[in-house]
Amino acid sequence: ALLGMVTEELAMYTNQTLGGLMNATFGNATEVIISAIAMVAARPPDFAMLRIVQVSLLGSILSNCLLVLGCAFLLGGIKYTVQRFNRPAAVTNCAMLMLSVMTLMFPDVMENSHDISECRMLGMSRMVSVIMLLVYGAYLFFQLKTHTFLFEGEEDEDEEKVLGLYGSVAWMAIITAFISVLSEYLVDAIHGAAEGWGVPAL
């Protein structure tokens with residue numbers, strides 16, 4: 001919550017498109033940090049941490065696409081009779097989501113429909129991840145450079161800036177470092193908590 005608040009403060013010093021991108025990026029910083037620490041902690045022959053990375057990312061996607069979006073529709077519908085959205089931005093985001101789902105499913109479909117070795121599957125997964133990174137880079141260039149006008153909405157009323165530019169950057173660095181320390185403790189405690197509660201590793 002603190003990281004989201006600081007990100008919104010920092011976004012006030014940028015344009016609307018870049019501010020929204022910062023909210024989307026740093027709003028998921030906790031999941032990224034936990035996933036990175038869990039992947040570093042995954043050592044053979046115990047790969048249970050990789051499953052934790054997978055389910056945490058899946059939970060983040062489901063909560064943002066279903067819970068957060070549903071709550072926004074519900075609360076917005078209570079206050080406003082008609083809600084208006086940026087159609088080009090919505091279409092672009094839906095297309096990116098569909099492309100991401102298809103590329104993530106592709107290796108799994110190939111593994112279940114063809115007799116492919118584990119080495120080839122690993123290579124295919126890495127190739128798909130590189131393609132997704134390139135597509136995301138092209139999307140950022142499209143959103144921030146060539147077609148910025150499509151993503152600009154109506155300007156909101158000026159909100160009061162509490163922290164200031166340098167204060168927002170400083171607090172973002174402090175909170176991110178604090179989250180990193182807490183995430184390391186969280187990952188270290190997973191095995192003990194699972195054994196105590198009788199939760200299976202996989």
# chains A, B, ... in the order shown; residues from 1 in each chain; ligands from 1
call {"tool": "residues_around", "arguments": {"residues": "A:Glu9", "least_positions_apart": "5", "cutoff": "8 Å", "atoms": "only C-alpha atoms", "output": "list in words"}}
result
Lys161, Val162, Leu163, Gly164, Leu165 and Ser168 of chain A
call {"tool": "residues_around", "arguments": {"residues": "A:Val6", "least_positions_apart": "6", "cutoff": "12 Å", "atoms": "only C-alpha atoms", "output": "ChimeraX atom specification"}}
result
/A:12-13,19,22-23,26-27,161-176
call {"tool": "closest_residue", "arguments": {"among": "A:Ile34, A:Ala72, A:Val40, A:Cys119", "to": "A:Val55", "atoms": "only C-alpha atoms"}}
result
A:Ile34
call {"tool": "residues_around", "arguments": {"residues": "A:Ser125", "least_positions_apart": "5", "cutoff": "9 Å", "atoms": "only C-alpha atoms", "output": "short mmCIF file (atom, residue, chain, number, x, y, z; two decimals) with N, CA and C atoms, in the first residue's frame"}}
result
data_model
loop_
_atom_site.label_atom_id
_atom_site.label_comp_id
_atom_site.auth_asym_id
_atom_site.auth_seq_id
_atom_site.Cartn_x
_atom_site.Cartn_y
_atom_site.Cartn_z
N LEU A 104 2.42 -18.21 -23.53
CA LEU A 104 2.68 -19.03 -22.35
C LEU A 104 2.11 -20.45 -22.52
N PHE A 106 1.86 -22.03 -25.43
CA PHE A 106 2.47 -22.72 -26.57
C PHE A 106 3.42 -23.84 -26.16
N PRO A 107 4.39 -23.61 -25.27
CA PRO A 107 5.27 -24.73 -24.88
C PRO A 107 4.53 -25.89 -24.24
N ARG A 120 14.72 -29.63 -25.64
CA ARG A 120 14.05 -28.81 -26.65
C ARG A 120 12.94 -27.98 -26.03
N VAL A 130 12.01 -14.64 -24.58
CA VAL A 130 12.70 -13.55 -25.29
C VAL A 130 11.73 -12.81 -26.21
#
call {"tool": "atom_distance", "arguments": {"atom1": "atom CA of A:Leu62", "atom2": "atom CA of A:Val101"}}
result
12.6 Å
call {"tool": "select_by_dssp", "arguments": {"residues": "stretch 66-195 of chain A", "states": "alpha helix (DSSP H)", "output": "PyMOL selection string"}}
result
chain A and resi 69-79+87-113+118-141+148-151+165-195
call {"tool": "write_last_selection", "arguments": {"atoms": "C-alpha atoms", "output": "short mmCIF file (atom, residue, chain, number, x, y, z; two decimals), in the first residue's frame"}}
result
data_model
loop_
_atom_site.label_atom_id
_atom_site.label_comp_id
_atom_site.auth_asym_id
_atom_site.auth_seq_id
_atom_site.Cartn_x
_atom_site.Cartn_y
_atom_site.Cartn_z
CA LEU A 69 -11.03 -4.97 -12.13
CA GLY A 70 -14.30 -6.31 -10.74
CA CYS A 71 -14.15 -4.04 -7.70
CA ALA A 72 -13.41 -1.06 -9.97
CA PHE A 73 -16.45 -1.86 -12.13
CA LEU A 74 -18.65 -2.40 -9.07
CA LEU A 75 -17.67 0.77 -7.19
CA GLY A 76 -17.60 2.83 -10.37
CA GLY A 77 -21.08 1.59 -11.29
CA ILE A 78 -22.38 2.58 -7.87
CA LYS A 79 -21.13 6.16 -8.26
CA ARG A 87 -11.08 2.39 -26.09
CA PRO A 88 -7.64 2.26 -27.87
CA ALA A 89 -5.88 1.58 -24.57
CA ALA A 90 -8.39 -1.14 -23.62
CA VAL A 91 -8.09 -2.85 -27.03
CA THR A 92 -4.29 -2.70 -26.91
CA ASN A 93 -4.16 -4.13 -23.39
CA CYS A 94 -6.59 -6.93 -24.31
CA ALA A 95 -4.47 -7.80 -27.34
CA MET A 96 -1.32 -7.88 -25.18
CA LEU A 97 -3.06 -10.09 -22.61
CA MET A 98 -4.25 -12.50 -25.31
CA LEU A 99 -0.78 -12.65 -26.86
CA SER A 100 0.77 -13.35 -23.46
CA VAL A 101 -1.67 -16.19 -22.77
CA MET A 102 -1.03 -17.74 -26.18
CA THR A 103 2.75 -17.57 -25.87
CA LEU A 104 2.68 -19.03 -22.35
CA MET A 105 0.43 -21.88 -23.47
CA PHE A 106 2.47 -22.72 -26.57
CA PRO A 107 5.27 -24.73 -24.88
CA ASP A 108 2.78 -26.63 -22.75
CA VAL A 109 0.62 -27.51 -25.76
CA MET A 110 3.67 -28.70 -27.68
CA GLU A 111 4.82 -30.84 -24.76
CA ASN A 112 1.43 -32.56 -24.42
CA SER A 113 0.79 -33.04 -28.14
CA GLU A 118 13.17 -31.80 -22.14
CA CYS A 119 16.12 -29.96 -23.67
CA ARG A 120 14.05 -28.81 -26.65
CA MET A 121 11.22 -27.77 -24.35
CA LEU A 122 13.63 -25.66 -22.31
CA GLY A 123 14.93 -24.00 -25.46
CA MET A 124 11.40 -23.32 -26.65
CA SER A 125 10.43 -21.78 -23.32
CA ARG A 126 13.46 -19.49 -23.39
CA MET A 127 12.72 -18.46 -26.97
CA VAL A 128 9.13 -17.61 -26.01
CA SER A 129 10.33 -15.54 -23.04
CA VAL A 130 12.70 -13.55 -25.29
CA ILE A 131 9.86 -12.94 -27.78
CA MET A 132 7.62 -11.71 -24.96
CA LEU A 133 10.31 -9.30 -23.77
CA LEU A 134 10.73 -7.94 -27.31
CA VAL A 135 6.97 -7.52 -27.71
CA TYR A 136 6.79 -5.71 -24.36
CA GLY A 137 9.60 -3.39 -25.45
CA ALA A 138 7.74 -2.66 -28.71
CA TYR A 139 4.58 -1.99 -26.69
CA LEU A 140 6.40 0.52 -24.49
CA PHE A 141 7.79 2.26 -27.58
CA THR A 148 1.11 8.63 -26.96
CA PHE A 149 -2.01 10.54 -28.00
CA LEU A 150 -4.08 7.33 -28.00
CA PHE A 151 -3.46 6.75 -24.30
CA LEU A 165 9.69 14.64 -6.46
CA TYR A 166 12.86 13.84 -4.50
CA GLY A 167 10.90 12.73 -1.46
CA SER A 168 8.90 10.29 -3.59
CA VAL A 169 12.05 8.83 -5.15
CA ALA A 170 13.74 8.50 -1.75
CA TRP A 171 10.72 6.85 -0.13
CA MET A 172 10.34 4.49 -3.09
CA ALA A 173 13.94 3.34 -2.67
CA ILE A 174 13.52 2.89 1.11
CA ILE A 175 10.24 0.96 0.80
CA THR A 176 11.63 -1.26 -1.99
CA ALA A 177 14.67 -2.13 0.14
CA PHE A 178 12.39 -2.87 3.11
CA ILE A 179 10.19 -5.12 0.95
CA SER A 180 13.30 -6.97 -0.24
CA VAL A 181 14.34 -7.74 3.35
CA LEU A 182 10.83 -8.86 4.33
CA SER A 183 10.55 -10.98 1.17
CA GLU A 184 13.75 -12.81 2.04
CA TYR A 185 12.37 -13.63 5.50
CA LEU A 186 9.10 -14.73 3.91
CA VAL A 187 10.79 -17.10 1.46
CA ASP A 188 12.98 -18.56 4.23
CA ALA A 189 9.90 -19.24 6.37
CA ILE A 190 7.89 -21.00 3.65
CA HIS A 191 9.25 -24.52 4.28
CA GLY A 192 8.78 -24.30 8.04
CA ALA A 193 5.26 -22.94 7.70
CA ALA A 194 4.33 -25.63 5.16
CA GLU A 195 5.61 -28.40 7.45
#
